[in-house]
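Next comes structure-v7.txt, with compact mmCIF, C-alpha atoms.
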# COMPACT_ATOMS: atom_id res chain seq x y z
CA MET A 1 -30.27 -30.06 10.92
CA THR A 2 -33.45 -27.97 10.63
CA THR A 3 -34.88 -25.16 12.71
CA THR A 4 -38.71 -24.82 12.04
CA THR A 5 -42.80 -21.36 11.36
CA ASN A 6 -43.47 -17.93 12.35
CA ASP A 7 -45.67 -14.86 12.18
CA ALA A 8 -43.69 -13.19 9.39
CA ALA A 9 -44.29 -16.17 7.13
CA ALA A 10 -47.98 -16.08 7.97
CA ALA A 11 -48.04 -12.39 6.98
CA GLY A 12 -46.55 -13.18 3.58
CA VAL A 13 -43.06 -11.76 4.23
CA ARG A 14 -40.34 -13.62 2.35
CA LEU A 15 -36.75 -13.44 1.26
CA PRO A 16 -36.82 -13.94 -2.52
CA ALA A 17 -34.53 -16.39 -4.24
CA GLU A 18 -31.68 -14.92 -6.23
CA TRP A 19 -33.09 -16.39 -9.45
CA GLU A 20 -36.22 -14.24 -9.18
CA PRO A 21 -36.42 -10.99 -11.23
CA GLN A 22 -34.00 -8.27 -10.15
CA GLN A 23 -34.10 -4.51 -10.62
CA ALA A 24 -30.47 -3.73 -9.81
CA VAL A 25 -27.11 -5.00 -8.54
CA LEU A 26 -24.83 -3.08 -6.18
CA LEU A 27 -21.04 -2.71 -6.53
CA ALA A 28 -18.70 -0.74 -4.25
CA TRP A 29 -15.75 0.54 -6.25
CA PRO A 30 -12.19 -0.21 -5.05
CA HIS A 31 -10.17 2.88 -4.10
CA GLN A 32 -6.89 3.94 -2.54
CA ASP A 33 -8.19 3.71 1.04
CA THR A 34 -9.21 0.04 0.73
CA ASP A 35 -7.08 -3.07 1.06
CA TRP A 36 -6.88 -2.99 -2.75
CA ALA A 37 -4.42 -0.07 -2.74
CA TYR A 38 -1.38 -2.26 -3.49
CA MET A 39 -2.99 -3.70 -6.64
CA LEU A 40 -5.51 -1.00 -7.55
CA PRO A 41 -5.01 -0.97 -11.37
CA GLU A 42 -5.41 -4.76 -11.57
CA VAL A 43 -8.55 -4.93 -9.46
CA THR A 44 -10.04 -1.87 -11.17
CA ASP A 45 -9.76 -3.68 -14.50
CA CYS A 46 -11.61 -6.61 -12.91
CA TYR A 47 -14.38 -4.33 -11.65
CA VAL A 48 -14.76 -2.68 -15.06
CA ARG A 49 -15.32 -6.11 -16.61
CA LEU A 50 -17.68 -7.11 -13.81
CA ALA A 51 -19.68 -3.88 -14.16
CA HIS A 52 -20.15 -4.42 -17.89
CA ALA A 53 -21.22 -8.02 -17.34
CA VAL A 54 -23.82 -7.02 -14.72
CA ALA A 55 -25.16 -4.10 -16.79
CA ARG A 56 -26.12 -6.50 -19.58
CA PHE A 57 -28.76 -8.05 -17.32
CA ALA A 58 -29.81 -5.44 -14.73
CA LYS A 59 -29.31 -1.86 -13.67
CA LEU A 60 -26.00 -1.25 -11.93
CA ILE A 61 -25.60 0.80 -8.76
CA ILE A 62 -22.07 2.02 -7.99
CA VAL A 63 -21.07 3.45 -4.60
CA ALA A 64 -17.67 5.02 -3.95
CA PRO A 65 -16.21 7.93 -1.99
CA GLU A 66 -15.80 9.83 -5.27
CA THR A 67 -17.60 8.56 -8.35
CA ASP A 68 -16.42 10.96 -11.10
CA SER A 69 -13.47 8.77 -12.06
CA VAL A 70 -15.69 5.69 -12.05
CA ARG A 71 -18.20 7.43 -14.32
CA ALA A 72 -15.40 8.04 -16.81
CA LEU A 73 -14.34 4.38 -16.71
CA LEU A 74 -17.92 3.23 -17.34
CA ALA A 75 -18.98 5.97 -19.76
CA ASP A 76 -19.95 3.41 -22.42
CA ILE A 77 -22.69 1.92 -20.23
CA PRO A 78 -26.01 3.66 -21.08
CA GLU A 79 -27.11 6.17 -18.43
CA GLU A 80 -30.38 4.36 -17.81
CA ARG A 81 -28.43 1.21 -16.89
CA ILE A 82 -26.29 2.73 -14.16
CA ALA A 83 -26.61 4.91 -11.05
CA PHE A 84 -23.95 6.38 -8.78
CA LEU A 85 -23.82 7.50 -5.16
CA ASP A 86 -20.88 9.09 -3.36
CA ILE A 87 -20.42 7.15 -0.11
CA VAL A 88 -17.29 6.58 1.98
CA THR A 89 -16.47 2.85 2.19
CA ASN A 90 -13.95 0.68 4.00
CA ASP A 91 -14.00 -2.06 1.39
CA THR A 92 -15.85 -3.53 -1.56
CA TRP A 93 -17.68 -6.62 -0.23
CA THR A 94 -21.26 -5.40 -0.70
CA ARG A 95 -22.73 -8.89 -0.28
CA ASP A 96 -22.02 -8.59 3.41
CA TYR A 97 -23.03 -5.00 4.18
CA GLY A 98 -25.60 -4.25 1.46
CA ALA A 99 -29.31 -4.31 2.26
CA ILE A 100 -30.90 -7.75 2.45
CA THR A 101 -34.26 -7.18 0.79
CA THR A 102 -37.45 -8.90 1.87
CA LEU A 103 -40.78 -8.54 0.08
CA THR A 104 -44.11 -8.10 1.79
CA ALA A 105 -47.30 -9.85 0.66
CA ASP A 106 -48.06 -7.04 -1.81
CA GLY A 107 -44.55 -7.14 -3.29
CA SER A 108 -43.22 -3.96 -1.67
CA PRO A 109 -39.61 -4.05 -0.42
CA VAL A 110 -38.14 -3.81 3.03
CA TYR A 111 -34.40 -3.06 3.12
CA ASN A 112 -33.10 -4.88 6.17
CA ASP A 113 -29.96 -3.26 7.56
CA PHE A 114 -28.03 -5.73 9.72
CA CYS A 115 -24.85 -5.03 11.64
CA PHE A 116 -21.70 -5.81 9.68
CA ASN A 117 -18.77 -6.13 12.06
CA GLY A 118 -15.98 -7.07 9.66
CA TRP A 119 -16.65 -10.83 9.72
CA GLY A 120 -16.47 -11.24 13.45
CA LEU A 121 -14.36 -8.17 14.37
CA LYS A 122 -11.52 -9.04 11.98
CA PHE A 123 -11.53 -5.77 9.98
CA ALA A 124 -12.77 -2.19 10.24
CA ALA A 125 -16.32 -1.71 8.97
CA ASN A 126 -17.43 1.66 10.36
CA HIS A 127 -18.11 3.17 6.94
CA ASP A 128 -19.48 0.03 5.29
CA ASN A 129 -21.97 -0.36 8.13
CA LEU A 130 -23.64 2.94 7.10
CA VAL A 131 -24.02 2.22 3.38
CA THR A 132 -27.53 0.70 3.46
CA ARG A 133 -28.96 3.55 5.53
CA LYS A 134 -27.43 6.15 3.21
CA MET A 135 -28.69 4.40 0.08
CA VAL A 136 -32.26 4.25 1.37
CA PHE A 137 -32.38 7.77 2.80
CA SER A 138 -30.82 9.23 -0.35
CA GLY A 139 -33.80 7.87 -2.30
CA LEU A 140 -31.63 5.58 -4.40
CA LEU A 141 -33.52 2.59 -2.98
CA ALA A 142 -37.28 3.10 -2.89
CA GLY A 143 -38.94 1.23 -0.06
CA ARG A 144 -39.02 0.85 3.70
CA TYR A 145 -35.85 0.84 5.79
CA ARG A 146 -35.70 -1.64 8.66
CA ASN A 147 -33.06 -1.17 11.33
CA GLU A 148 -31.66 -4.57 12.34
CA LEU A 149 -28.32 -3.24 13.54
CA GLY A 150 -28.69 -5.07 16.84
CA PHE A 151 -28.06 -8.37 15.04
CA VAL A 152 -24.88 -9.28 13.15
CA LEU A 153 -25.57 -10.89 9.77
CA GLU A 154 -23.86 -10.90 6.38
CA GLY A 155 -25.66 -11.55 3.11
CA GLY A 156 -23.08 -14.14 2.10
CA SER A 157 -23.95 -16.26 5.11
CA ILE A 158 -27.51 -17.15 4.03
CA GLU A 159 -29.22 -18.65 0.99
CA SER A 160 -32.97 -18.55 0.29
CA ASP A 161 -35.15 -20.57 -2.06
CA GLY A 162 -37.82 -17.84 -1.97
CA ALA A 163 -40.34 -20.33 -0.58
CA GLY A 164 -39.49 -20.42 3.11
CA THR A 165 -36.18 -22.29 3.30
CA ILE A 166 -32.93 -20.68 4.50
CA LEU A 167 -29.60 -22.50 4.15
CA THR A 168 -26.65 -21.43 6.33
CA THR A 169 -23.60 -22.71 8.21
CA ARG A 170 -23.03 -23.33 11.88
CA GLU A 171 -19.43 -22.12 11.70
CA CYS A 172 -20.44 -18.61 10.63
CA LEU A 173 -23.71 -17.87 12.39
CA LEU A 174 -22.62 -19.38 15.69
CA SER A 175 -19.31 -17.49 15.67
CA PRO A 176 -18.80 -16.03 19.17
CA ASN A 177 -17.73 -12.67 17.67
CA ARG A 178 -21.03 -12.20 15.89
CA ASN A 179 -24.03 -13.01 18.08
CA GLY A 180 -22.22 -14.94 20.77
CA ASP A 181 -24.92 -14.47 23.39
CA LEU A 182 -27.54 -16.27 21.26
CA THR A 183 -28.11 -20.01 20.87
CA ARG A 184 -28.61 -21.81 17.60
CA ARG A 185 -32.35 -21.99 18.28
CA GLU A 186 -32.51 -18.24 19.00
CA ILE A 187 -30.60 -17.37 15.85
CA GLY A 188 -32.89 -19.63 13.81
CA ARG A 189 -35.89 -17.89 15.35
CA LYS A 190 -34.45 -14.49 14.40
CA LEU A 191 -33.93 -15.54 10.79
CA LYS A 192 -37.49 -16.76 10.57
CA SER A 193 -38.91 -13.61 12.14
CA VAL A 194 -37.16 -11.27 9.67
CA PHE A 195 -37.20 -13.35 6.50
CA GLY A 196 -40.53 -15.14 6.83
CA ALA A 197 -38.71 -18.44 6.70
CA GLN A 198 -40.49 -21.60 7.74
CA ARG A 199 -37.27 -23.55 8.32
CA VAL A 200 -33.55 -23.08 8.58
CA LEU A 201 -31.14 -25.74 7.31
CA TRP A 202 -27.73 -25.74 8.99
CA LEU A 203 -24.54 -27.14 7.48
CA ASP A 204 -22.33 -28.50 10.25
CA HIS A 205 -19.30 -28.95 7.99
CA GLY A 206 -17.62 -27.09 5.13
CA ALA A 207 -14.68 -24.69 5.05
CA LEU A 208 -12.15 -23.32 2.58
CA ALA A 209 -8.56 -22.46 3.42
CA GLY A 210 -8.00 -18.71 3.62
CA ASP A 211 -11.68 -17.89 4.15
CA ASP A 212 -11.99 -14.83 6.42
CA THR A 213 -15.78 -15.19 6.63
CA ASP A 214 -15.91 -18.32 8.81
CA SER A 215 -17.54 -20.47 6.11
CA HIS A 216 -20.04 -18.28 4.32
CA ILE A 217 -22.59 -20.46 2.58
CA ASP A 218 -22.05 -18.67 -0.76
CA THR A 219 -18.55 -20.14 -0.99
CA LEU A 220 -19.75 -23.70 -0.32
CA ALA A 221 -23.33 -24.51 -1.35
CA ARG A 222 -26.00 -22.59 -3.25
CA LEU A 223 -29.72 -23.15 -3.56
CA ALA A 224 -31.06 -23.41 -7.11
CA PRO A 225 -34.47 -24.01 -8.72
CA ASP A 226 -36.27 -27.37 -8.48
CA ASN A 227 -34.99 -28.29 -5.00
CA THR A 228 -31.40 -28.28 -6.21
CA ILE A 229 -28.26 -27.49 -4.23
CA ILE A 230 -25.03 -26.77 -6.11
CA TYR A 231 -22.05 -27.43 -3.87
CA VAL A 232 -18.26 -27.56 -3.90
CA GLY A 233 -16.69 -31.00 -3.91
CA CYS A 234 -13.16 -32.34 -3.68
CA ASP A 235 -12.03 -35.66 -5.17
CA ASP A 236 -8.35 -35.43 -4.25
CA PRO A 237 -7.56 -37.19 -0.93
CA ALA A 238 -4.27 -35.29 -0.78
CA ASP A 239 -6.02 -31.91 -0.78
CA GLU A 240 -6.47 -30.27 2.63
CA HIS A 241 -10.18 -29.76 1.86
CA PHE A 242 -10.96 -33.40 1.15
CA ALA A 243 -12.28 -34.57 4.53
CA GLU A 244 -14.21 -31.42 5.35
CA LEU A 245 -15.95 -31.20 1.97
CA ARG A 246 -16.79 -34.92 2.09
CA ALA A 247 -18.40 -34.33 5.50
CA MET A 248 -20.31 -31.37 4.04
CA ARG A 249 -21.59 -33.58 1.24
CA SER A 250 -22.90 -36.02 3.86
CA ASP A 251 -24.69 -33.12 5.59
CA LEU A 252 -26.31 -32.15 2.29
CA ARG A 253 -27.36 -35.72 1.53
CA ALA A 254 -29.15 -35.89 4.90
CA MET A 255 -31.14 -32.71 4.26
CA ARG A 256 -34.71 -32.77 2.97
CA SER A 257 -36.72 -30.28 0.95
CA ALA A 258 -39.94 -28.77 2.27
CA SER A 259 -41.83 -31.66 0.65
CA GLY A 260 -39.67 -34.20 2.51
CA GLU A 261 -37.65 -35.29 -0.52
CA PRO A 262 -33.85 -35.36 -0.78
CA PHE A 263 -32.37 -32.37 -2.59
CA ASN A 264 -30.99 -32.73 -6.09
CA LEU A 265 -27.28 -32.36 -5.39
CA VAL A 266 -24.97 -31.02 -8.09
CA GLU A 267 -21.23 -31.04 -7.39
CA LEU A 268 -18.86 -28.34 -8.62
CA PRO A 269 -15.12 -28.95 -8.93
CA LEU A 270 -12.74 -27.27 -6.52
CA PRO A 271 -10.35 -24.93 -8.37
CA ASP A 272 -6.69 -25.85 -8.29
CA ALA A 273 -4.93 -24.18 -5.38
CA ILE A 274 -4.28 -20.44 -5.74
CA TYR A 275 -1.84 -18.72 -3.38
CA ASP A 276 -1.09 -15.14 -2.40
CA ASP A 277 2.39 -13.61 -2.55
CA GLU A 278 3.19 -14.96 0.91
CA GLY A 279 2.30 -18.54 0.00
CA ASN A 280 -1.09 -18.65 1.75
CA ARG A 281 -3.85 -20.57 0.00
CA LEU A 282 -6.80 -18.45 -1.12
CA PRO A 283 -10.48 -19.53 -0.95
CA ALA A 284 -11.15 -19.87 -4.67
CA THR A 285 -14.56 -21.38 -5.41
CA TYR A 286 -16.95 -21.68 -8.34
CA ALA A 287 -19.92 -21.59 -5.96
CA ASN A 288 -19.53 -17.81 -5.67
CA PHE A 289 -21.56 -17.15 -8.83
CA LEU A 290 -24.16 -14.37 -9.27
CA ILE A 291 -27.59 -15.03 -10.76
CA VAL A 292 -28.91 -11.86 -12.37
CA ASN A 293 -32.17 -12.15 -14.30
CA ASN A 294 -31.53 -14.37 -17.35
CA GLY A 295 -27.78 -14.52 -16.80
CA VAL A 296 -25.42 -16.28 -14.40
CA LEU A 297 -22.00 -14.68 -13.90
CA VAL A 298 -19.48 -17.36 -12.95
CA PRO A 299 -16.09 -16.67 -11.35
CA VAL A 300 -13.20 -18.26 -13.26
CA TYR A 301 -9.50 -18.45 -12.44
CA ASN A 302 -7.59 -19.10 -15.68
CA GLN A 303 -7.89 -22.85 -15.19
CA PRO A 304 -9.41 -23.70 -18.60
CA LYS A 305 -10.49 -27.30 -17.94
CA LYS A 306 -12.07 -26.66 -14.52
CA ASP A 307 -13.42 -23.23 -15.49
CA ARG A 308 -15.18 -24.82 -18.48
CA LEU A 309 -16.54 -27.70 -16.41
CA ALA A 310 -17.92 -25.37 -13.73
CA CYS A 311 -19.69 -23.26 -16.35
CA GLN A 312 -21.19 -26.38 -17.94
CA ILE A 313 -22.47 -27.65 -14.58
CA ILE A 314 -24.04 -24.31 -13.69
CA ARG A 315 -25.63 -24.13 -17.15
CA VAL A 316 -27.43 -27.42 -16.49
CA ALA A 317 -28.77 -26.09 -13.17
CA PHE A 318 -29.97 -22.86 -14.80
CA PRO A 319 -31.40 -23.78 -18.21
CA GLY A 320 -32.38 -20.76 -20.27
CA HIS A 321 -29.76 -18.57 -18.59
CA GLU A 322 -26.73 -17.18 -20.36
CA ILE A 323 -23.55 -18.28 -18.58
CA VAL A 324 -20.96 -15.49 -18.44
CA PRO A 325 -17.48 -16.32 -17.09
CA VAL A 326 -15.77 -13.46 -15.25
CA ASP A 327 -12.05 -13.64 -14.49
CA CYS A 328 -11.78 -13.29 -10.69
CA ARG A 329 -8.06 -13.87 -10.20
CA ALA A 330 -7.74 -10.30 -8.94
CA LEU A 331 -10.73 -10.54 -6.59
CA ILE A 332 -9.54 -13.73 -4.94
CA GLN A 333 -6.33 -11.98 -3.83
CA GLN A 334 -8.39 -10.33 -1.07
CA HIS A 335 -10.10 -13.63 -0.18
CA GLY A 336 -13.40 -12.95 -1.97
CA SER A 337 -14.95 -13.54 -5.35
CA LEU A 338 -17.82 -12.49 -7.59
CA HIS A 339 -20.88 -13.07 -5.39
CA CYS A 340 -19.07 -11.52 -2.42
CA ALA A 341 -18.56 -8.30 -4.41
CA THR A 342 -22.21 -7.86 -5.41
CA MET A 343 -25.67 -7.52 -3.86
CA GLN A 344 -28.88 -7.82 -5.84
CA PHE A 345 -32.17 -6.00 -5.29
CA PRO A 346 -35.36 -7.76 -6.41
CA VAL A 347 -38.00 -6.29 -8.70
CA ILE A 348 -40.61 -4.53 -6.57
CA ASN A 349 -44.30 -3.63 -6.86
CA PHE A 350 -45.88 -0.40 -5.66
Once more with this new file: its structure as structure tokens, please.
Amino acid sequence: MTTTTNDAAAAGVRLPAEWEPQQAVLLAWPHQDTDWAYMLPEVTDCYVRLAHAVARFAKLIIVAPETDSVRALLADIPEERIAFLDIVTNDTWTRDYGAITTLTADGSPVYNDFCFNGWGLKFAANHDNLVTRKMVFSGLLAGRYRNELGFVLEGGSIESDGAGTILTTRECLLSPNRNGDLTRREIGRKLKSVFGAQRVLWLDHGALAGDDTDSHIDTLARLAPDNTIIYVGCDDPADEHFAELRAMRSDLRAMRSASGEPFNLVELPLPDAIYDDEGNRLPATYANFLIVNNGVLVPVYNQPKKDRLACQIIRVAFPGHEIVPVDCRALIQQHGSLHCATMQFPVINF
């Protein structure tokens, strides 16, 4: 279903696609006061590998309550490729509390600071909700700060093609614990007014077991160049996801690009089930990849056949990009993956 034009679009404001040039990528480092405390060495190793992978393609920004120990861990990354800022954080999921950057007609950035309320009041977010403001007013991010704290929105809940189309899910954006007083039409209007979007495409189906985010789009379906959508499929009728992901595929098949054509749909495999220590299924997905300049970092889960297939599929969708698998078995233990843990900032013009 589509919500459609607005004044921001007419003024040249837009939300760039992730495959456009980037100046930096944000990571928040895990620490003892996060939910990672019980497995801190394991997840720290994961973040060290992730940091090195990102730094190959863009500058890395690290925020943490105390960065000296992180500097020591990443001392082999050249100084010009990394920046640090001491900031108190609740958790590490920067996709959902980092600035969502729009570009004006002249290419200058606006860092939109939305309210992050712990995915619908599930978790504390008092510190995370201040990170964008502190980054901008410290001078680490050069550009204009825009206070949107009256509206709840996470970066993982929206996808942009950079040309006026936003893709999102009904389950997340219409959650009563986010903007429960607003209708679907009003939320669509808000997205268009901030992001310069001409239309909003809504997925009515799609969910992964163990997903705390209420069906973030970046776990299910991702926009890609040439009117392509890469999405998670399931071909096992015995899997609990089968019916819901089949219904999501039908939603995607019914959608049309801005030119009125069907999207090119590319299906990713669903990883084999991964469980936490209490036997709860975790929301592992290959759709949670990060595009960063001429690289694509792909989450993998020590499932060689499916990991390899997912990387091959993503390589076809992003020709000319280097595909870099990143082991995310530690990240998924807290119900997130690679894209959830990062936020990109586009190249800007002044």
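The two atoms in question, atom CA of Gln22 of chain A and atom CA of Asp86 of chain A, are spaced 22.8 Å apart.
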Please list as a ChimeraX atom specification every residue within 10 Å of Pro319 of chain A, counting all atoms listed in the file and excluding residues in the same chain fewer than 5 positions away.
/A:225,294,314
Close residues, Leu252 of chain A itself excluded, 9 Å, all atoms listed in the file, min 4 positions apart in chain, as a PyMOL selection string
chain A and resi 203+221+229+231+247-248+256+262-263+265
Keeping only C-alpha atoms, take the residues you just selected and write them out as a PDB file, in the frame of the given file.
ATOM      1  CA  LEU A 203     -24.540 -27.140   7.480  1.00  0.00           C
ATOM      2  CA  ALA A 221     -23.330 -24.510  -1.350  1.00  0.00           C
ATOM      3  CA  ILE A 229     -28.260 -27.490  -4.230  1.00  0.00           C
ATOM      4  CA  TYR A 231     -22.050 -27.430  -3.870  1.00  0.00           C
ATOM      5  CA  ALA A 247     -18.400 -34.330   5.500  1.00  0.00           C
ATOM      6  CA  MET A 248     -20.310 -31.370   4.040  1.00  0.00           C
ATOM      7  CA  ARG A 256     -34.710 -32.770   2.970  1.00  0.00           C
ATOM      8  CA  PRO A 262     -33.850 -35.360  -0.780  1.00  0.00           C
ATOM      9  CA  PHE A 263     -32.370 -32.370  -2.590  1.00  0.00           C
ATOM     10  CA  LEU A 265     -27.280 -32.360  -5.390  1.00  0.00           C
TER      11      LEU A 265
END
Separation of atom CA of Leu201 of chain A and atom CA of Trp19 of chain A, in Å?
19.3 Å
I need the residue nearest Ala197 of chain A from this list: A:Asn302, A:Thr169, A:Thr92, A:Thr102. Use all atoms listed in the file for the distance.
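Closest to Ala197 of chain A of all the choices is A:Thr102.
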Which one is closest to Arg170 of chain A: A:Asp251, A:Leu121, A:Ala224, A:Gly155? Count only C-alpha atoms.
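Residue with the minimum atom-to-atom distance to Arg170 of chain A: A:Asp251.
Residue nearest Pro30 of chain A within the list A:Gln334, A:Asp204, A:Leu191, A:Gly107: A:Gln334 [criterion: smallest interatomic distance, only C-alpha atoms].
Distances to Cys340 of chain A were evaluated for A:Ser250, A:Gln312, A:Ser193, A:Thr94 using all atoms listed in the file, and the minimum falls at A:Thr94.
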Separating atom CA of Thr104 of chain A from atom CA of Val13 of chain A, to the nearest tenth of an Å, is a gap of 4.5 Å
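Each of A:His321, A:Lys192, A:His205, A:His339 was checked against Ala287 of chain A using only C-alpha atoms; the smallest atom-to-atom distance is that of A:His339.
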Distance criterion (all atoms listed in the file): nearest to Arg308 of chain A out of A:Gly295, A:Gly260, A:Pro269, A:Glu240
A:Pro269
Distance query 8 Å from (-13.3, -16.4, -10.6) using all atoms listed in the file, result as a PyMOL selection string
chain A and resi 284-286+298-301+325-329+331-332+337-338
Every residue with an atom at most 10 Å from (-31.8, -2.7, -4.8) (file coordinates; all atoms listed in the file) is what I'm after, so could you write them as a CSV table (one decimal) with C-alpha atoms, in the frame of the given file?
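Listed below is the output, point.csv:
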chain,number,residue,atom,x,y,z
A,22,GLN,CA,-34.0,-8.3,-10.2
A,23,GLN,CA,-34.1,-4.5,-10.6
A,24,ALA,CA,-30.5,-3.7,-9.8
A,25,VAL,CA,-27.1,-5.0,-8.5
A,26,LEU,CA,-24.8,-3.1,-6.2
A,59,LYS,CA,-29.3,-1.9,-13.7
A,60,LEU,CA,-26.0,-1.2,-11.9
A,61,ILE,CA,-25.6,0.8,-8.8
A,98,GLY,CA,-25.6,-4.2,1.5
A,99,ALA,CA,-29.3,-4.3,2.3
A,100,ILE,CA,-30.9,-7.8,2.4
A,101,THR,CA,-34.3,-7.2,0.8
A,109,PRO,CA,-39.6,-4.0,-0.4
A,111,TYR,CA,-34.4,-3.1,3.1
A,132,THR,CA,-27.5,0.7,3.5
A,135,MET,CA,-28.7,4.4,0.1
A,136,VAL,CA,-32.3,4.2,1.4
A,140,LEU,CA,-31.6,5.6,-4.4
A,141,LEU,CA,-33.5,2.6,-3.0
A,142,ALA,CA,-37.3,3.1,-2.9
A,143,GLY,CA,-38.9,1.2,-0.1
A,343,MET,CA,-25.7,-7.5,-3.9
A,344,GLN,CA,-28.9,-7.8,-5.8
A,345,PHE,CA,-32.2,-6.0,-5.3
A,346,PRO,CA,-35.4,-7.8,-6.4
A,347,VAL,CA,-38.0,-6.3,-8.7
A,348,ILE,CA,-40.6,-4.5,-6.6
Extract, using all atoms listed in the file, all DNA, RNA and protein residues at most 12 Å from Arg71 of chain A, discarding same-chain residues fewer than 3 positions from it, and format them as number ranges by chain.
A: 29, 48, 51, 60-64, 66-68, 74-79, 82-86
Generate the output file for the selected residues, C-alpha atoms, as an mmCIF file, in the coordinates of the input.
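Output (result-v9.cif):
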data_model
loop_
_atom_site.group_PDB
_atom_site.id
_atom_site.type_symbol
_atom_site.label_atom_id
_atom_site.label_comp_id
_atom_site.auth_asym_id
_atom_site.auth_seq_id
_atom_site.Cartn_x
_atom_site.Cartn_y
_atom_site.Cartn_z
ATOM 1 C CA TRP A 29 -15.750 0.540 -6.250
ATOM 2 C CA VAL A 48 -14.760 -2.680 -15.060
ATOM 3 C CA ALA A 51 -19.680 -3.880 -14.160
ATOM 4 C CA LEU A 60 -26.000 -1.250 -11.930
ATOM 5 C CA ILE A 61 -25.600 0.800 -8.760
ATOM 6 C CA ILE A 62 -22.070 2.020 -7.990
ATOM 7 C CA VAL A 63 -21.070 3.450 -4.600
ATOM 8 C CA ALA A 64 -17.670 5.020 -3.950
ATOM 9 C CA GLU A 66 -15.800 9.830 -5.270
ATOM 10 C CA THR A 67 -17.600 8.560 -8.350
ATOM 11 C CA ASP A 68 -16.420 10.960 -11.100
ATOM 12 C CA LEU A 74 -17.920 3.230 -17.340
ATOM 13 C CA ALA A 75 -18.980 5.970 -19.760
ATOM 14 C CA ASP A 76 -19.950 3.410 -22.420
ATOM 15 C CA ILE A 77 -22.690 1.920 -20.230
ATOM 16 C CA PRO A 78 -26.010 3.660 -21.080
ATOM 17 C CA GLU A 79 -27.110 6.170 -18.430
ATOM 18 C CA ILE A 82 -26.290 2.730 -14.160
ATOM 19 C CA ALA A 83 -26.610 4.910 -11.050
ATOM 20 C CA PHE A 84 -23.950 6.380 -8.780
ATOM 21 C CA LEU A 85 -23.820 7.500 -5.160
ATOM 22 C CA ASP A 86 -20.880 9.090 -3.360
#
